[in-house]
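Asks: Okay, handing you the structure first.
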Amino acid sequence: MKCHLIFPQQDKRTGFAIKNALKRANVNVFISDPNVFDWTSILNREVSNKSDFVLMSRTAPLNKFVMKYKEIYKTKTKFVCWNTDKRRDNNHYGAALLNLFKQCDLFYTVANGDVERFKDIGIEAKWLSQGVDVDTFCKDVEYDSQYECDVAFMGSYPSPLIGGKPVHKGRNELINYVQDKCERYGYSFRLYRPYDGTAVHGNEFIKACRVAKVVLSHNGFANIGPSPSVRLYEVLGSKGNVLEEWSERLQETFGSAFFTYIDPQDAWENIRLIIGFPSVKEKGCPHLKEATRIASKKCIASHTYDHRIKQILGDIRGNK
């Protein structure tokens, strides 16, 4: 099969992982980065390359690309969109994106709870969670003491705003609370943030995850069904000792394989449980290490991008 992959590549994140998984599935891939090519250029590239299916990111201008292609060319090309974003209100996507989703032969969304919300406005959606990129995160690295800390958080903080409200519900309150408690009780707390130069990637991300005694993870969309964040998959793939925000039916994905919390106070109590005693603080919590081992094994066995691409390819073949 031949795929026209229209996903950002320069950040070497989701689109990069999808590309590698497609190639491992023996799919012939050609790429148009929507941050590099405008929709008319992408249209011309598709006309020239004639793919069996187009796999697209959530990118508003691609609405025009799909509309124009279907208007002019009558081919069997399947249009597939994988929405790897989450919103609390469908209106936050905007008319162009909603129309793009509606035009696709297959449309996937990473938040299970969104499936019914899209159905209510006439958009057929399937749940397809993200996963871990085995090439980037599932490998051995050397211990690096520069990343030593009791608690680490990796992600956006403060949470960005949409419509004047934080995108990640409760994240600011969580980090403020835990950071204050850590300072008060003498625990080291490190932030790795994308917009102040402290973010870590690749091997450095793996090192930071493995060296921190607790990696505090926050979904921010816990009320939108069983929708694990991509960061959780990355931390588990890196064998980090994760403390994750509880979400409805999250255990259906991983079982009771790792520690969870329901609010900032509960997160802090878990942190104290894990590293609060002197002997544990020096040697690490054996229960958390075992939980990490089990969860990481489950993640790699069932929740990689290879597994997701296998599902997409099966759905395409079944969509006549």
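Lettering and numbering for the structure tokens are positional, with chains as A, B, ... in the shown order, residues counted from 1 in each chain, and ligands counted from 1 in the shown order.
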Using only C-alpha atoms, determine which residues lie at most 12 Å from A:Ile42, disregarding the query and same-chain residues fewer than 3 positions distant; provide the list as a VMD selection string.
Replies: chain A and resid 4 to 7 30 to 39 45 to 50 54 56 61 to 66 68 to 69
Asks: Pull N, CA and C atoms from the residues just selected and write them as a PDB file, in the first residue's frame.
Replies:
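File produced: again-v3.pdb:
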```pdb
ATOM      1  N   HIS A   4       0.108   8.637   1.672  1.00  0.00           N
ATOM      2  CA  HIS A   4       0.520  10.039   1.719  1.00  0.00           C
ATOM      3  C   HIS A   4       0.313  10.506   3.154  1.00  0.00           C
ATOM      4  N   LEU A   5       1.402  10.653   3.888  1.00  0.00           N
ATOM      5  CA  LEU A   5       1.337  11.036   5.298  1.00  0.00           C
ATOM      6  C   LEU A   5       1.453  12.553   5.411  1.00  0.00           C
ATOM      7  N   ILE A   6       0.409  13.186   5.959  1.00  0.00           N
ATOM      8  CA  ILE A   6       0.408  14.640   6.112  1.00  0.00           C
ATOM      9  C   ILE A   6       0.383  14.956   7.609  1.00  0.00           C
ATOM     10  N   PHE A   7       1.543  14.864   8.200  1.00  0.00           N
ATOM     11  CA  PHE A   7       1.735  15.118   9.633  1.00  0.00           C
ATOM     12  C   PHE A   7       3.026  15.913   9.819  1.00  0.00           C
ATOM     13  N   PHE A  30       5.096   8.508   1.448  1.00  0.00           N
ATOM     14  CA  PHE A  30       5.664   9.804   1.064  1.00  0.00           C
ATOM     15  C   PHE A  30       5.000  10.874   1.918  1.00  0.00           C
ATOM     16  N   ILE A  31       5.746  11.909   2.234  1.00  0.00           N
ATOM     17  CA  ILE A  31       5.371  12.815   3.319  1.00  0.00           C
ATOM     18  C   ILE A  31       5.201  14.239   2.823  1.00  0.00           C
ATOM     19  N   SER A  32       4.143  14.881   3.332  1.00  0.00           N
ATOM     20  CA  SER A  32       3.962  16.325   3.163  1.00  0.00           C
ATOM     21  C   SER A  32       3.761  16.916   4.553  1.00  0.00           C
ATOM     22  N   ASP A  33       4.742  17.643   5.016  1.00  0.00           N
ATOM     23  CA  ASP A  33       4.623  18.287   6.322  1.00  0.00           C
ATOM     24  C   ASP A  33       3.714  19.506   6.165  1.00  0.00           C
ATOM     25  N   PRO A  34       2.554  19.546   6.852  1.00  0.00           N
ATOM     26  CA  PRO A  34       1.633  20.685   6.680  1.00  0.00           C
ATOM     27  C   PRO A  34       2.189  22.000   7.212  1.00  0.00           C
ATOM     28  N   ASN A  35       3.292  21.930   7.945  1.00  0.00           N
ATOM     29  CA  ASN A  35       3.960  23.162   8.386  1.00  0.00           C
ATOM     30  C   ASN A  35       4.940  23.677   7.342  1.00  0.00           C
ATOM     31  N   VAL A  36       5.142  22.883   6.299  1.00  0.00           N
ATOM     32  CA  VAL A  36       6.073  23.258   5.225  1.00  0.00           C
ATOM     33  C   VAL A  36       5.316  23.536   3.924  1.00  0.00           C
ATOM     34  N   PHE A  37       4.345  22.674   3.594  1.00  0.00           N
ATOM     35  CA  PHE A  37       3.592  22.803   2.346  1.00  0.00           C
ATOM     36  C   PHE A  37       2.193  23.351   2.607  1.00  0.00           C
ATOM     37  N   ASP A  38       1.727  24.273   1.755  1.00  0.00           N
ATOM     38  CA  ASP A  38       0.341  24.726   1.875  1.00  0.00           C
ATOM     39  C   ASP A  38      -0.570  23.701   1.213  1.00  0.00           C
ATOM     40  N   TRP A  39      -1.881  23.897   1.351  1.00  0.00           N
ATOM     41  CA  TRP A  39      -2.813  22.859   0.910  1.00  0.00           C
ATOM     42  C   TRP A  39      -2.804  22.664  -0.601  1.00  0.00           C
ATOM     43  N   ARG A  45       0.923  17.370  -4.898  1.00  0.00           N
ATOM     44  CA  ARG A  45       1.759  16.219  -4.557  1.00  0.00           C
ATOM     45  C   ARG A  45       0.935  14.928  -4.555  1.00  0.00           C
ATOM     46  N   GLU A  46      -0.305  15.011  -4.093  1.00  0.00           N
ATOM     47  CA  GLU A  46      -1.170  13.828  -4.089  1.00  0.00           C
ATOM     48  C   GLU A  46      -1.539  13.432  -5.512  1.00  0.00           C
ATOM     49  N   VAL A  47      -1.830  14.405  -6.351  1.00  0.00           N
ATOM     50  CA  VAL A  47      -2.172  14.113  -7.751  1.00  0.00           C
ATOM     51  C   VAL A  47      -0.997  13.427  -8.446  1.00  0.00           C
ATOM     52  N   SER A  48       0.208  13.867  -8.134  1.00  0.00           N
ATOM     53  CA  SER A  48       1.402  13.290  -8.764  1.00  0.00           C
ATOM     54  C   SER A  48       1.719  11.900  -8.239  1.00  0.00           C
ATOM     55  N   ASN A  49       1.512  11.673  -6.952  1.00  0.00           N
ATOM     56  CA  ASN A  49       1.951  10.422  -6.331  1.00  0.00           C
ATOM     57  C   ASN A  49       0.876   9.339  -6.272  1.00  0.00           C
ATOM     58  N   LYS A  50      -0.404   9.733  -6.317  1.00  0.00           N
ATOM     59  CA  LYS A  50      -1.518   8.781  -6.368  1.00  0.00           C
ATOM     60  C   LYS A  50      -1.422   7.712  -5.276  1.00  0.00           C
ATOM     61  N   VAL A  54      -4.615   8.562   2.330  1.00  0.00           N
ATOM     62  CA  VAL A  54      -3.997   9.757   2.893  1.00  0.00           C
ATOM     63  C   VAL A  54      -4.260   9.744   4.394  1.00  0.00           C
ATOM     64  N   MET A  56      -3.907  11.984   7.676  1.00  0.00           N
ATOM     65  CA  MET A  56      -3.719  13.407   7.961  1.00  0.00           C
ATOM     66  C   MET A  56      -3.779  13.724   9.451  1.00  0.00           C
ATOM     67  N   PRO A  61      -6.367  23.838   7.302  1.00  0.00           N
ATOM     68  CA  PRO A  61      -6.333  24.059   5.855  1.00  0.00           C
ATOM     69  C   PRO A  61      -6.493  22.788   5.026  1.00  0.00           C
ATOM     70  N   LEU A  62      -6.268  21.613   5.611  1.00  0.00           N
ATOM     71  CA  LEU A  62      -6.430  20.372   4.865  1.00  0.00           C
ATOM     72  C   LEU A  62      -7.884  20.142   4.476  1.00  0.00           C
ATOM     73  N   ASN A  63      -8.799  20.844   5.119  1.00  0.00           N
ATOM     74  CA  ASN A  63     -10.201  20.803   4.722  1.00  0.00           C
ATOM     75  C   ASN A  63     -10.352  21.186   3.247  1.00  0.00           C
ATOM     76  N   LYS A  64      -9.648  22.224   2.831  1.00  0.00           N
ATOM     77  CA  LYS A  64      -9.717  22.673   1.437  1.00  0.00           C
ATOM     78  C   LYS A  64      -9.078  21.651   0.499  1.00  0.00           C
ATOM     79  N   PHE A  65      -7.997  21.040   0.944  1.00  0.00           N
ATOM     80  CA  PHE A  65      -7.320  20.013   0.144  1.00  0.00           C
ATOM     81  C   PHE A  65      -8.258  18.844  -0.147  1.00  0.00           C
ATOM     82  N   VAL A  66      -8.918  18.324   0.879  1.00  0.00           N
ATOM     83  CA  VAL A  66      -9.814  17.177   0.698  1.00  0.00           C
ATOM     84  C   VAL A  66     -11.015  17.560  -0.167  1.00  0.00           C
ATOM     85  N   LYS A  68     -11.309  19.920  -2.468  1.00  0.00           N
ATOM     86  CA  LYS A  68     -10.936  20.140  -3.875  1.00  0.00           C
ATOM     87  C   LYS A  68     -10.592  18.822  -4.560  1.00  0.00           C
ATOM     88  N   TYR A  69      -9.874  17.942  -3.850  1.00  0.00           N
ATOM     89  CA  TYR A  69      -9.495  16.668  -4.457  1.00  0.00           C
ATOM     90  C   TYR A  69     -10.733  15.847  -4.803  1.00  0.00           C
TER      91      TYR A  69
END
```
Asks: According to DSSP computed on the backbone, where in stretch 36-133 of chain A is there strand (DSSP E)? Give the residues as a list in words.
Replies: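 Strand (DSSP E) assignments inside stretch 36-133 of chain A correspond to Phe53, Val54, Leu55, Met56, Lys78, Phe79, Val80, Cys81, Trp82, Asn83, Leu106, Phe107, Tyr108, Thr109, Lys126 and Trp127 of chain A.
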Asks: Would you mind exporting the chosen residues as a CSV table (one decimal), in the first residue's frame, restricted to C-alpha atoms?
Replies:
```csv
chain,number,residue,atom,x,y,z
A,53,PHE,CA,-4.7,6.4,1.4
A,54,VAL,CA,-4.0,9.8,2.9
A,55,LEU,CA,-3.3,9.9,6.6
A,56,MET,CA,-3.7,13.4,8.0
A,78,LYS,CA,-9.2,6.8,1.2
A,79,PHE,CA,-8.9,9.9,3.4
A,80,VAL,CA,-8.1,9.2,7.0
A,81,CYS,CA,-7.7,11.8,9.8
A,82,TRP,CA,-6.3,11.1,13.2
A,83,ASN,CA,-7.1,13.8,15.7
A,106,LEU,CA,-12.2,7.2,8.5
A,107,PHE,CA,-11.8,9.6,11.4
A,108,TYR,CA,-10.1,8.8,14.7
A,109,THR,CA,-9.9,10.7,17.9
A,126,LYS,CA,-13.5,5.9,16.2
A,127,TRP,CA,-11.4,5.9,19.3
```
Asks: Identify, on the basis of only C-alpha atoms, every residue whose closest approach to stretch 180-192 of chain A does not exceed 7 Å; exclude the query and any residue fewer than 3 positions from it along the same chain; express the result as a ChimeraX atom specification.
Replies: /A:149-155,176-177,198-200
Asks: Could you name the residues that touch stretch 230-242 of chain A at 10 Å or less, counting only C-alpha atoms, but leaving out those on the same chain fewer than 5 positions away, as a ChimeraX atom specification?
Replies: /A:13-14,84,110,129-134,136-141,151-155,202-203,205-219,258-260,284-285,288-300,303-304
Asks: Please measure the separation of atom CA of A:Asn112 and atom CA of A:Met67, giving the value in Å to one decimal.
Replies: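 According to the coordinates, atom CA of A:Asn112 and atom CA of A:Met67 are separated by 26.9 Å.
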Asks: How many Å separate atom CA of A:Pro160 from atom CA of A:Asn91?
Replies: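 Atom CA of A:Asn91 lies at a distance of 17.5 Å from atom CA of A:Pro160.
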Asks: Considering only C-alpha atoms, return as JSON, numbers by chain whatever protein or nucleic-acid residues lie within 8 Å of A:Ala267, sequence-local ones (same chain, fewer than 5 positions apart) excluded.
Replies: {"A": [178, 243, 260, 261, 262]}
Asks: Could you check how far atom CA of A:Val29 sits from atom CA of A:Asp85, in Å to one decimal?
Replies: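 According to the coordinates, atom CA of A:Val29 and atom CA of A:Asp85 are separated by 23.2 Å.
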